[in-house]
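A.B. asks: If you scroll down you'll find the structure; I have some questions about it.
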Protein chains: 2
Amino acid sequence: MPPTSNNDLAAVKSYLLGLQDSICAALEAEDGGGRFREDAWERAEGGGGRTRVLADGSVFEKAGVAFSHVHGNQLPPSASAHRPELAGKGWEALGVSVVVHPRNPYVPTAHMNVRMFSAKGNPPTEGPSSSGCTPDSAATKRASPGEATFWFGGGFDLTPFYGFTEDAVHWHRTARAAVAPSGDGIYPRLKKSCDEYFFLRHRGEARGIGGLFFDDFNELGFERSFALARSVGDAFLEAYRPLVARRKATPYGERERQFQLYRRGRYVEFNLVWDRGTLFGLQSGGRTESILMSLPPAVRWDYGWQPEPGSPEARLAEDFLRPRDWAAL
Amino acid sequence: MPPTSNNDLAAVKSYLLGLQDSICAALEAEDGGGRFREDAWERAEGGGGRTRVLADGSVFEKAGVAFSHVHGNQLPPSASAHRPELAGKGWEALGVSVVVHPRNPYVPTAHMNVRMFSAKGNPPTEGPSSSGCTPDSAATKRASPGEATFWFGGGFDLTPFYGFTEDAVHWHRTARAAVAPSGDGIYPRLKKSCDEYFFLRHRGEARGIGGLFFDDFNELGFERSFALARSVGDAFLEAYRPLVARRKATPYGERERQFQLYRRGRYVEFNLVWDRGTLFGLQSGGRTESILMSLPPAVRWDYGWQPEPGSPEARLAEDFLRPRDWAAL
């Protein structure tokens with residue numbers, strides 16, 4: 001695998017900053033009134049970010065689009081538990097995260113993330129790695145002196161309150177088309193990873209209808225792995241915006257609003273109990289407000305609540321919150 | 001340390017069931033309208049519980065008072081990580097948990113828990129334990145064949161939205177008086193443990209004004225350790241009810257309500273990110289609705305929100321969310 005250079009990192013950073021800009025611009029246009037406010041921040045240990053939040057828009061009750069680029073001289077042990085050969089190395093992490101909580105319960109909540117991680121190769125102090133060349137172990141391959149180990153991660157997933165088959169099909173077909181140039185086996189793998197990752201084990205329930213998820217990805221080399229990440233980032237608006245446009249004016253009442261607030265509780269449960277990025281960030285001294293930007297603006301929990309059998313609320317779990325090959329419908 | 005017998009377990013169970021009844025009766029009386037509804041449940045692996053929730057009361061927006069008694073033939077490795085000598089043994093766990101979310105923002109949120117754990121001594125398969133008799137290591141002392149290892153845990157803590165010195169003093173003096181019969185050093189220790197436990201590390205902020213917290217407690221032998229647990233359980237209403245009575249009719253507006261909803265977000269963050277009992281329960285297949293009974297009924301998150309300097313909302317963090325010897329005021 002070719003090493004990443006400073007030029008490579010600069011190219012990723014430039015792409016991510018542009019992605020943040022274009023997503024913010026599109027969401028503002030779709031909202032028709034709300035504006036993103038930016039917090040630029042720095043991290044004492046190195047790096048920083050720009051967190052943008054649109055609050056109380058006409059269409060979006062809360063939307064967050066965050067860029068961060070943080071680095072350090074010594075990868076903490078917690079970050080290298082499964083990659084002991086990287087412990088103590090210099091590292092950089094950069095990414096864009098998007099979470100959109102619409103006001104109208106017929107518009108689904110959406111999440112997107114693209115990230116890259118790089119650890120600088122130091123002179124080896126032990127023998128060569130015994131790892132093979134399978135996709136999974138490639139990510140942990142020992143870098144040669146001066147080389148950098150890198151990987152990409154990200155994806156997007158959709159969390160509807162009321163399911164619509166045509167929306168689910170559009171979302172997943174857009175996902176499939178986005179990653180098609182990366183190879184035949186990629187879509188089913190990233191689709192399956194997404195279903196597996198966004199799953200609330202304590203509820204036995206999917207967070208939503210899935211999409212794409214990948215992590216520790218470098219098996220195609222830098223250029224093509226970066227291209228995959230770009231495809232995902234670029235396809236997000238194409239996948240999401242038509243659903244917002246189609247549903248944002250659908251009339252709804254207190255019943256639908258209450259169901260939306262209740263289901264947002266599941267979103268909080270997933271992010272705070274299971275999401276690896278959130279937990280790592282909170283436990284390792286990340287910027288709390290930027291990490292928790294993902295939480296919904298208003299939420300409720302009702303003990304033992306169950307939807308009425310046969311109701312639209314019951315159909316969410318029955319028909320949508322289970323893995324299905326929507327793109328093939 | 002004397003072993004616990006079946007009689008001991010029966011006595012603890014009887015106490016806990018009575019405690020649940022008396023707390024529910026007092027909260028209903030204080031509410032003046034709301035009624036607890038009970039869910040009795042069984043656990044496939046052994047045991048069960050009765051979860052009681054009062055929803056949408058006049059005074060209490062949500063109150064949960066749960067009893068559970070669960071048991072198994074083999075302690076799972078995750079539960080015995082710090083007590084390897086207990087791995088695979090038969091065990092019983094029983095307790096009562098209380099969480100009260102009042103409607104009026106001037107009434108604080110309160111939490112109480114009393115629990116007992118017992119692991120049955122199996123014939124030893126290794127040499128004798130090398131542990132000493134310090135309080136901490138006593139809990140992990142190897143039980144003789146047929147003996148049972150036990151420990152108690154619990155406490156109560158208060159989470160105000162608007163702080164009142166007289167309320168904090170009453171709460172902590174009641175706590176101090178409750179545990180005084182257990183010995184001179186107990187109160188400062190349990191008070192300090194509470195401040196340390198109910199702390200949101202990702203916010204650098206206390207959950208509330210604390211109270212009492214103990215765990216792995218058996219250093220006084222069964223009878224006196226059980227007496228300490230009873231003192232805590234019995235003192236809860238004495239500590240809390242006068243505060244509810246004093247504040248429940250205080251007029252408030254939308255500003256106070258919104259601050260309450262916002263601060264409840266911190267409660268969710270603590271319970272889902274840091275609370276060991278919640279995480280263990282959710283990750284080990286506990287009854288989700290009973291575990292998450294603790295979550296507030298309505299919550300909000302606002303990115304980057306800060307109270308106005310000098311406002312009553314700012315005084316919460318400045319004057320109350322920091323460890324202080326309130327009982328000595």
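Each chain in the structure tokens gets a letter, A, B, ..., in the order shown, and its residues are numbered from 1; ligands are numbered from 1 in order too.
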Sorted by chain and rising residue number, which residues of chain A lie within 9 Å of chain B, and what are their closest atom pairs and distances in Å to one decimal, counting only C-alpha atoms, as a Markdown table?

C.D. replies:
| residue | atom | partner | partner_atom | distance |
| --- | --- | --- | --- | --- |
| A:Val53 | CA | B:Tyr303 | CA | 7.5 |
| A:Ala55 | CA | B:Tyr303 | CA | 8.3 |
| A:Lys62 | CA | B:Asp302 | CA | 9.0 |
| A:Arg201 | CA | B:Gln283 | CA | 7.6 |
| A:His202 | CA | B:Leu282 | CA | 5.3 |
| A:Arg203 | CA | B:Thr288 | CA | 7.0 |
| A:Leu261 | CA | B:Ala298 | CA | 8.6 |
| A:Val268 | CA | B:Val268 | CA | 8.7 |
| A:Glu269 | CA | B:Leu272 | CA | 7.1 |
| A:Leu272 | CA | B:Val273 | CA | 5.8 |
| A:Val273 | CA | B:Leu272 | CA | 5.8 |
| A:Leu279 | CA | B:Val273 | CA | 7.5 |
| A:Gly281 | CA | B:His202 | CA | 8.7 |
| A:Leu282 | CA | B:His202 | CA | 5.3 |
| A:Gln283 | CA | B:His202 | CA | 6.6 |
| A:Ser284 | CA | B:His202 | CA | 8.3 |
| A:Gly285 | CA | B:His202 | CA | 6.4 |
| A:Gly286 | CA | B:His202 | CA | 7.9 |
| A:Arg287 | CA | B:His202 | CA | 8.4 |
| A:Thr288 | CA | B:His202 | CA | 6.3 |
| A:Glu289 | CA | B:Gly304 | CA | 6.1 |
| A:Ser290 | CA | B:Tyr303 | CA | 8.0 |
| A:Leu292 | CA | B:Tyr303 | CA | 7.9 |
| A:Met293 | CA | B:Tyr303 | CA | 6.0 |
| A:Leu295 | CA | B:Trp301 | CA | 6.7 |
| A:Pro296 | CA | B:Trp301 | CA | 6.6 |
| A:Pro297 | CA | B:Trp301 | CA | 4.8 |
| A:Ala298 | CA | B:Arg300 | CA | 4.3 |
| A:Val299 | CA | B:Val299 | CA | 5.2 |
| A:Arg300 | CA | B:Ala298 | CA | 4.3 |
| A:Trp301 | CA | B:Pro297 | CA | 4.8 |
| A:Asp302 | CA | B:Pro297 | CA | 6.2 |
| A:Tyr303 | CA | B:Met293 | CA | 6.0 |
| A:Gly304 | CA | B:Glu289 | CA | 6.1 |

A.B. asks: As a list in words, please: every residue in range 23-59 of chain B that DSSP puts in alpha helix (DSSP H).

C.D. replies: Ile23, Cys24, Ala25, Ala26, Leu27, Glu28, Ala29, Glu30 and Asp31 of chain B

A.B. asks: Could you please take those selected residues and save N, CA and C atoms as a compact mmCIF listing (two decimals), in the first residue's frame?

C.D. replies:
# COMPACT_ATOMS: atom_id res chain seq x y z
N ILE B 23 -42.77 3.81 49.66
CA ILE B 23 -42.38 4.95 48.82
C ILE B 23 -43.47 5.27 47.81
N CYS B 24 -44.05 4.24 47.21
CA CYS B 24 -45.14 4.49 46.25
C CYS B 24 -46.31 5.19 46.94
N ALA B 25 -46.67 4.72 48.13
CA ALA B 25 -47.80 5.31 48.85
C ALA B 25 -47.54 6.78 49.17
N ALA B 26 -46.31 7.08 49.61
CA ALA B 26 -45.99 8.47 49.98
C ALA B 26 -45.97 9.37 48.75
N LEU B 27 -45.43 8.87 47.64
CA LEU B 27 -45.37 9.70 46.43
C LEU B 27 -46.78 9.94 45.89
N GLU B 28 -47.63 8.93 45.95
CA GLU B 28 -49.02 9.13 45.51
C GLU B 28 -49.71 10.17 46.39
N ALA B 29 -49.47 10.08 47.68
CA ALA B 29 -50.10 11.04 48.60
C ALA B 29 -49.60 12.46 48.29
N GLU B 30 -48.31 12.59 48.04
CA GLU B 30 -47.73 13.90 47.76
C GLU B 30 -48.22 14.43 46.41
N ASP B 31 -48.45 13.53 45.49
CA ASP B 31 -48.93 13.95 44.17
C ASP B 31 -50.39 14.41 44.23

A.B. asks: Quick one: distance from CA of Pro102 in chain A to CA of Phe259 in chain A in Å, one decimal?

C.D. replies: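 Spanning CA of Pro102 in chain A to CA of Phe259 in chain A is a straight-line distance of 13.5 Å.
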
A.B. asks: Which residue out of B:Arg257, B:Arg103, B:Arg247, B:His69 has the minimum interatomic distance to Phe117 in chain B when only C-alpha atoms are used?

C.D. replies: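 Of the candidates, the smallest distance to Phe117 in chain B is held by B:His69.
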
A.B. asks: The coordinates of chain B, once least-squares superposed on chain A over all sequentially paired C-alpha atoms, should be supplied as a compact mmCIF listing (two decimals) with C-alpha atoms, in the first residue's frame.

C.D. replies:
# COMPACT_ATOMS: atom_id res chain seq x y z
CA MET B 1 0.00 -0.04 0.08
CA PRO B 2 1.39 3.33 -0.89
CA PRO B 3 2.09 5.68 1.98
CA THR B 4 0.05 8.79 2.51
CA SER B 5 1.94 12.01 2.08
CA ASN B 6 1.31 15.50 3.34
CA ASN B 7 -0.15 16.21 -0.10
CA ASP B 8 -2.64 13.41 0.39
CA LEU B 9 -3.72 14.79 3.75
CA ALA B 10 -4.06 18.26 2.27
CA ALA B 11 -6.26 16.87 -0.50
CA VAL B 12 -8.52 15.11 1.99
CA LYS B 13 -8.77 18.23 4.12
CA SER B 14 -9.60 20.39 1.15
CA TYR B 15 -12.30 17.96 0.05
CA LEU B 16 -13.84 17.82 3.53
CA LEU B 17 -13.94 21.59 3.97
CA GLY B 18 -15.66 21.91 0.60
CA LEU B 19 -18.09 19.13 1.52
CA GLN B 20 -19.04 20.92 4.72
CA ASP B 21 -19.68 24.11 2.75
CA SER B 22 -21.80 22.46 0.09
CA ILE B 23 -23.92 20.51 2.58
CA CYS B 24 -24.55 23.62 4.69
CA ALA B 25 -25.51 25.62 1.59
CA ALA B 26 -27.92 22.93 0.38
CA LEU B 27 -29.57 22.49 3.78
CA GLU B 28 -30.01 26.26 4.14
CA ALA B 29 -31.58 26.40 0.69
CA GLU B 30 -33.91 23.51 1.54
CA ASP B 31 -34.84 25.12 4.84
CA GLY B 32 -35.60 28.43 3.21
CA GLY B 33 -34.92 30.50 6.30
CA GLY B 34 -32.61 28.93 8.88
CA ARG B 35 -28.93 29.77 8.88
CA PHE B 36 -25.93 27.81 10.14
CA ARG B 37 -23.89 29.43 12.88
CA GLU B 38 -20.25 28.48 13.10
CA ASP B 39 -18.10 27.79 16.14
CA ALA B 40 -14.42 27.57 15.28
CA TRP B 41 -12.48 25.81 18.03
CA GLU B 42 -8.98 24.71 18.80
CA ARG B 43 -7.77 21.71 20.70
CA ALA B 44 -4.99 22.21 23.22
CA GLU B 45 -3.27 18.98 22.16
CA GLY B 46 -3.30 19.92 18.47
CA GLY B 47 -5.76 20.79 15.74
CA GLY B 48 -9.34 21.96 15.98
CA GLY B 49 -12.47 22.27 13.96
CA ARG B 50 -15.42 24.25 12.81
CA THR B 51 -18.79 23.14 14.10
CA ARG B 52 -21.85 24.50 12.32
CA VAL B 53 -25.35 24.20 13.69
CA LEU B 54 -28.64 25.38 12.25
CA ALA B 55 -31.19 25.60 15.05
CA ASP B 56 -34.93 26.25 14.86
CA GLY B 57 -35.17 26.40 11.09
CA SER B 58 -38.48 26.17 9.23
CA VAL B 59 -37.74 22.67 7.95
CA PHE B 60 -34.88 21.59 10.20
CA GLU B 61 -35.40 21.70 13.94
CA LYS B 62 -31.67 21.13 14.27
CA ALA B 63 -28.93 20.34 11.75
CA GLY B 64 -25.27 19.99 12.57
CA VAL B 65 -22.42 19.83 10.05
CA ALA B 66 -19.06 19.57 11.75
CA PHE B 67 -15.54 19.52 10.38
CA SER B 68 -12.62 18.58 12.58
CA HIS B 69 -8.92 17.97 12.07
CA VAL B 70 -7.10 16.87 15.18
CA HIS B 71 -3.61 15.48 15.61
CA GLY B 72 -1.19 14.36 18.26
CA ASN B 73 2.31 13.06 18.78
CA GLN B 74 1.32 9.92 20.61
CA LEU B 75 -1.65 7.76 19.79
CA PRO B 76 -3.34 6.95 23.13
CA PRO B 77 -3.49 3.25 24.09
CA SER B 78 -7.30 3.27 23.96
CA ALA B 79 -7.15 4.23 20.28
CA SER B 80 -4.68 1.53 19.39
CA ALA B 81 -6.04 -1.37 21.44
CA HIS B 82 -6.53 -3.44 18.28
CA ARG B 83 -3.43 -2.06 16.55
CA PRO B 84 -0.65 -2.36 19.11
CA GLU B 85 1.96 -1.59 16.44
CA LEU B 86 0.56 1.96 16.23
CA ALA B 87 0.75 2.72 19.95
CA GLY B 88 2.62 5.90 20.70
CA LYS B 89 2.87 7.04 17.07
CA GLY B 90 2.06 10.46 15.69
CA TRP B 91 -1.44 10.59 14.22
CA GLU B 92 -3.96 12.80 12.45
CA ALA B 93 -7.73 12.38 12.22
CA LEU B 94 -9.99 14.46 10.05
CA GLY B 95 -13.61 14.21 9.10
CA VAL B 96 -17.01 15.72 8.47
CA SER B 97 -20.11 14.63 10.41
CA VAL B 98 -23.68 15.54 9.56
CA VAL B 99 -26.84 14.96 11.58
CA VAL B 100 -30.18 16.42 10.50
CA HIS B 101 -33.24 16.46 12.76
CA PRO B 102 -36.20 17.70 10.71
CA ARG B 103 -39.26 19.29 12.25
CA ASN B 104 -41.87 17.40 10.20
CA PRO B 105 -42.20 13.78 11.45
CA TYR B 106 -42.69 12.61 7.87
CA VAL B 107 -39.17 13.75 7.00
CA PRO B 108 -36.60 11.20 8.20
CA THR B 109 -33.59 12.00 10.35
CA ALA B 110 -30.33 11.58 8.45
CA HIS B 111 -26.70 11.05 9.38
CA MET B 112 -23.54 11.13 7.29
CA ASN B 113 -19.88 10.88 8.16
CA VAL B 114 -16.63 10.76 6.20
CA ARG B 115 -13.34 10.45 8.06
CA MET B 116 -9.70 9.64 7.54
CA PHE B 117 -7.11 8.53 10.04
CA SER B 118 -3.38 8.51 9.55
CA ALA B 119 -0.60 7.25 11.85
CA LYS B 120 2.98 8.07 11.03
CA GLY B 121 5.37 5.20 10.62
CA ASN B 122 8.21 5.28 13.10
CA PRO B 123 11.30 3.08 12.76
CA PRO B 124 10.26 -0.45 13.69
CA THR B 125 11.45 -1.72 17.04
CA GLU B 126 10.29 -5.32 16.57
CA GLY B 127 10.38 -7.87 13.79
CA PRO B 128 8.21 -7.52 10.69
CA SER B 129 4.50 -7.95 10.95
CA SER B 130 3.19 -11.42 10.35
CA SER B 131 -0.08 -10.14 9.00
CA GLY B 132 -1.39 -11.28 5.65
CA CYS B 133 -3.05 -9.20 2.96
CA THR B 134 -6.70 -9.80 3.68
CA PRO B 135 -8.76 -6.63 3.67
CA ASP B 136 -9.11 -6.63 7.44
CA SER B 137 -5.51 -7.17 8.29
CA ALA B 138 -4.28 -4.70 5.68
CA ALA B 139 -5.43 -1.88 7.90
CA THR B 140 -3.09 -2.99 10.63
CA LYS B 141 -0.09 -3.63 8.37
CA ARG B 142 3.06 -2.23 9.84
CA ALA B 143 4.14 0.90 8.02
CA SER B 144 7.76 1.13 6.89
CA PRO B 145 9.91 3.81 8.47
CA GLY B 146 8.63 7.19 7.33
CA GLU B 147 5.48 5.69 5.80
CA ALA B 148 2.08 6.37 7.22
CA THR B 149 -0.73 3.96 7.88
CA PHE B 150 -4.08 5.38 6.87
CA TRP B 151 -7.67 4.35 6.75
CA PHE B 152 -10.97 5.85 5.76
CA GLY B 153 -14.33 5.41 7.36
CA GLY B 154 -17.82 6.76 7.08
CA GLY B 155 -21.19 6.21 5.51
CA PHE B 156 -24.74 7.47 5.75
CA ASP B 157 -27.89 6.08 7.29
CA LEU B 158 -31.52 7.10 7.48
CA THR B 159 -33.89 7.07 10.46
CA PRO B 160 -37.52 7.51 9.44
CA PHE B 161 -40.38 7.99 11.88
CA TYR B 162 -42.96 7.00 9.28
CA GLY B 163 -41.69 4.70 6.56
CA PHE B 164 -42.27 5.15 2.84
CA THR B 165 -41.15 2.45 0.45
CA GLU B 166 -40.34 4.90 -2.34
CA ASP B 167 -38.12 6.92 0.03
CA ALA B 168 -36.27 3.82 1.21
CA VAL B 169 -35.74 2.66 -2.35
CA HIS B 170 -34.42 6.06 -3.45
CA TRP B 171 -32.07 6.24 -0.45
CA HIS B 172 -30.57 2.81 -1.00
CA ARG B 173 -30.37 3.04 -4.80
CA THR B 174 -28.46 6.28 -4.45
CA ALA B 175 -26.14 4.56 -1.99
CA ARG B 176 -25.63 1.63 -4.34
CA ALA B 177 -24.89 3.85 -7.32
CA ALA B 178 -22.48 5.96 -5.29
CA VAL B 179 -20.18 3.09 -4.40
CA ALA B 180 -20.58 1.08 -7.63
CA PRO B 181 -17.36 2.52 -9.15
CA SER B 182 -15.39 1.08 -6.22
CA GLY B 183 -16.10 -2.52 -7.20
CA ASP B 184 -18.83 -5.11 -7.36
CA GLY B 185 -18.69 -6.49 -3.84
CA ILE B 186 -18.52 -3.14 -2.10
CA TYR B 187 -22.20 -2.22 -1.93
CA PRO B 188 -23.50 -5.39 -0.25
CA ARG B 189 -20.62 -5.27 2.21
CA LEU B 190 -21.16 -1.63 3.20
CA LYS B 191 -24.91 -2.10 3.32
CA LYS B 192 -24.56 -5.08 5.64
CA SER B 193 -22.02 -3.28 7.83
CA CYS B 194 -24.48 -0.42 8.20
CA ASP B 195 -27.33 -2.71 9.26
CA GLU B 196 -25.02 -4.35 11.78
CA TYR B 197 -23.55 -1.14 13.18
CA PHE B 198 -26.72 0.91 13.67
CA PHE B 199 -28.44 -1.67 15.83
CA LEU B 200 -29.70 -1.12 19.38
CA ARG B 201 -28.83 -4.42 21.01
CA HIS B 202 -30.74 -3.58 24.20
CA ARG B 203 -33.91 -3.11 22.11
CA GLY B 204 -33.23 -5.80 19.52
CA GLU B 205 -34.08 -3.06 17.04
CA ALA B 206 -32.43 -1.28 14.12
CA ARG B 207 -31.86 2.47 14.49
CA GLY B 208 -33.33 3.08 11.06
CA ILE B 209 -33.29 1.66 7.55
CA GLY B 210 -29.50 1.77 7.16
CA GLY B 211 -27.47 2.78 4.15
CA LEU B 212 -23.69 2.53 4.00
CA PHE B 213 -21.03 2.04 6.66
CA PHE B 214 -17.32 1.38 6.37
CA ASP B 215 -14.35 1.68 8.69
CA ASP B 216 -10.64 0.79 8.69
CA PHE B 217 -10.83 0.98 4.91
CA ASN B 218 -7.60 1.14 2.88
CA GLU B 219 -7.69 -2.02 0.83
CA LEU B 220 -7.92 -0.17 -2.49
CA GLY B 221 -4.85 1.97 -1.81
CA PHE B 222 -4.99 5.65 -0.99
CA GLU B 223 -6.39 7.07 -4.24
CA ARG B 224 -9.24 4.62 -4.68
CA SER B 225 -10.07 4.48 -0.97
CA PHE B 226 -10.28 8.28 -0.94
CA ALA B 227 -12.46 8.09 -4.05
CA LEU B 228 -14.86 5.78 -2.20
CA ALA B 229 -15.04 8.20 0.71
CA ARG B 230 -15.74 11.07 -1.69
CA SER B 231 -18.48 9.09 -3.41
CA VAL B 232 -20.21 8.63 -0.06
CA GLY B 233 -19.82 12.28 0.92
CA ASP B 234 -21.01 13.53 -2.45
CA ALA B 235 -24.01 11.21 -2.64
CA PHE B 236 -25.48 12.25 0.70
CA LEU B 237 -27.38 15.28 -0.55
CA GLU B 238 -28.53 13.37 -3.62
CA ALA B 239 -29.90 10.64 -1.36
CA TYR B 240 -31.47 12.88 1.26
CA ARG B 241 -32.60 16.16 -0.27
CA PRO B 242 -35.36 14.74 -2.47
CA LEU B 243 -36.90 13.07 0.59
CA VAL B 244 -36.91 16.34 2.49
CA ALA B 245 -38.42 18.18 -0.47
CA ARG B 246 -41.10 15.52 -0.90
CA ARG B 247 -42.22 15.32 2.75
CA LYS B 248 -41.53 18.66 4.37
CA ALA B 249 -44.99 20.10 3.69
CA THR B 250 -46.97 17.00 4.67
CA PRO B 251 -49.56 18.01 7.28
CA TYR B 252 -49.15 16.39 10.68
CA GLY B 253 -50.59 16.70 14.16
CA GLU B 254 -49.77 16.17 17.80
CA ARG B 255 -49.90 12.39 17.44
CA GLU B 256 -47.13 12.36 14.81
CA ARG B 257 -45.09 14.92 16.76
CA GLN B 258 -45.26 12.86 19.95
CA PHE B 259 -44.22 9.72 18.08
CA GLN B 260 -41.28 11.60 16.59
CA LEU B 261 -40.17 12.77 20.05
CA TYR B 262 -40.52 9.25 21.40
CA ARG B 263 -38.56 7.67 18.55
CA ARG B 264 -35.83 10.27 18.96
CA GLY B 265 -35.22 8.67 22.34
CA ARG B 266 -33.94 5.62 20.48
CA TYR B 267 -31.54 7.88 18.61
CA VAL B 268 -30.17 9.18 21.91
CA GLU B 269 -29.91 5.66 23.29
CA PHE B 270 -27.91 4.49 20.28
CA ASN B 271 -25.55 7.45 20.26
CA LEU B 272 -24.83 7.42 23.99
CA VAL B 273 -24.78 3.68 24.62
CA TRP B 274 -23.44 2.09 21.42
CA ASP B 275 -21.84 4.60 19.05
CA ARG B 276 -18.09 4.01 19.20
CA GLY B 277 -17.18 7.48 17.95
CA THR B 278 -19.37 9.23 20.50
CA LEU B 279 -18.14 7.13 23.40
CA PHE B 280 -14.49 7.41 22.41
CA GLY B 281 -14.89 11.18 22.04
CA LEU B 282 -16.62 11.67 25.38
CA GLN B 283 -14.28 9.37 27.28
CA SER B 284 -11.10 10.77 25.77
CA GLY B 285 -11.69 14.45 26.33
CA GLY B 286 -13.10 15.44 22.94
CA ARG B 287 -15.10 18.63 22.50
CA THR B 288 -18.37 17.63 24.16
CA GLU B 289 -20.68 20.14 22.48
CA SER B 290 -19.42 19.14 19.02
CA ILE B 291 -19.77 15.43 19.77
CA LEU B 292 -23.27 15.82 21.21
CA MET B 293 -24.36 18.08 18.35
CA SER B 294 -25.84 14.81 17.07
CA LEU B 295 -28.49 14.63 19.80
CA PRO B 296 -32.05 15.62 18.89
CA PRO B 297 -33.31 19.00 20.11
CA ALA B 298 -36.39 17.61 21.87
CA VAL B 299 -36.96 14.05 23.02
CA ARG B 300 -39.29 12.05 25.21
CA TRP B 301 -39.30 8.71 26.97
CA ASP B 302 -42.53 6.93 27.89
CA TYR B 303 -42.29 3.83 30.03
CA GLY B 304 -43.60 0.71 28.33
CA TRP B 305 -45.16 2.54 25.40
CA GLN B 306 -46.27 0.38 22.47
CA PRO B 307 -47.86 1.49 19.21
CA GLU B 308 -51.38 0.25 18.48
CA PRO B 309 -51.28 -2.88 16.33
CA GLY B 310 -51.90 -2.01 12.70
CA SER B 311 -51.20 1.70 13.19
CA PRO B 312 -48.72 3.66 11.05
CA GLU B 313 -46.52 3.83 14.13
CA ALA B 314 -46.51 0.04 14.43
CA ARG B 315 -45.63 -0.30 10.75
CA LEU B 316 -42.33 1.50 11.32
CA ALA B 317 -40.88 -1.41 13.27
CA GLU B 318 -42.74 -4.10 11.37
CA ASP B 319 -41.96 -2.99 7.83
CA PHE B 320 -38.95 -0.70 7.99
CA LEU B 321 -36.71 -1.36 10.98
CA ARG B 322 -35.51 -4.66 9.63
CA PRO B 323 -32.67 -5.21 7.17
CA ARG B 324 -33.96 -5.49 3.62
CA ASP B 325 -32.46 -5.08 0.16
CA TRP B 326 -34.36 -1.88 -0.61
CA ALA B 327 -32.22 -1.05 -3.64
CA ALA B 328 -33.39 -4.24 -5.35
CA LEU B 329 -37.11 -3.46 -5.02
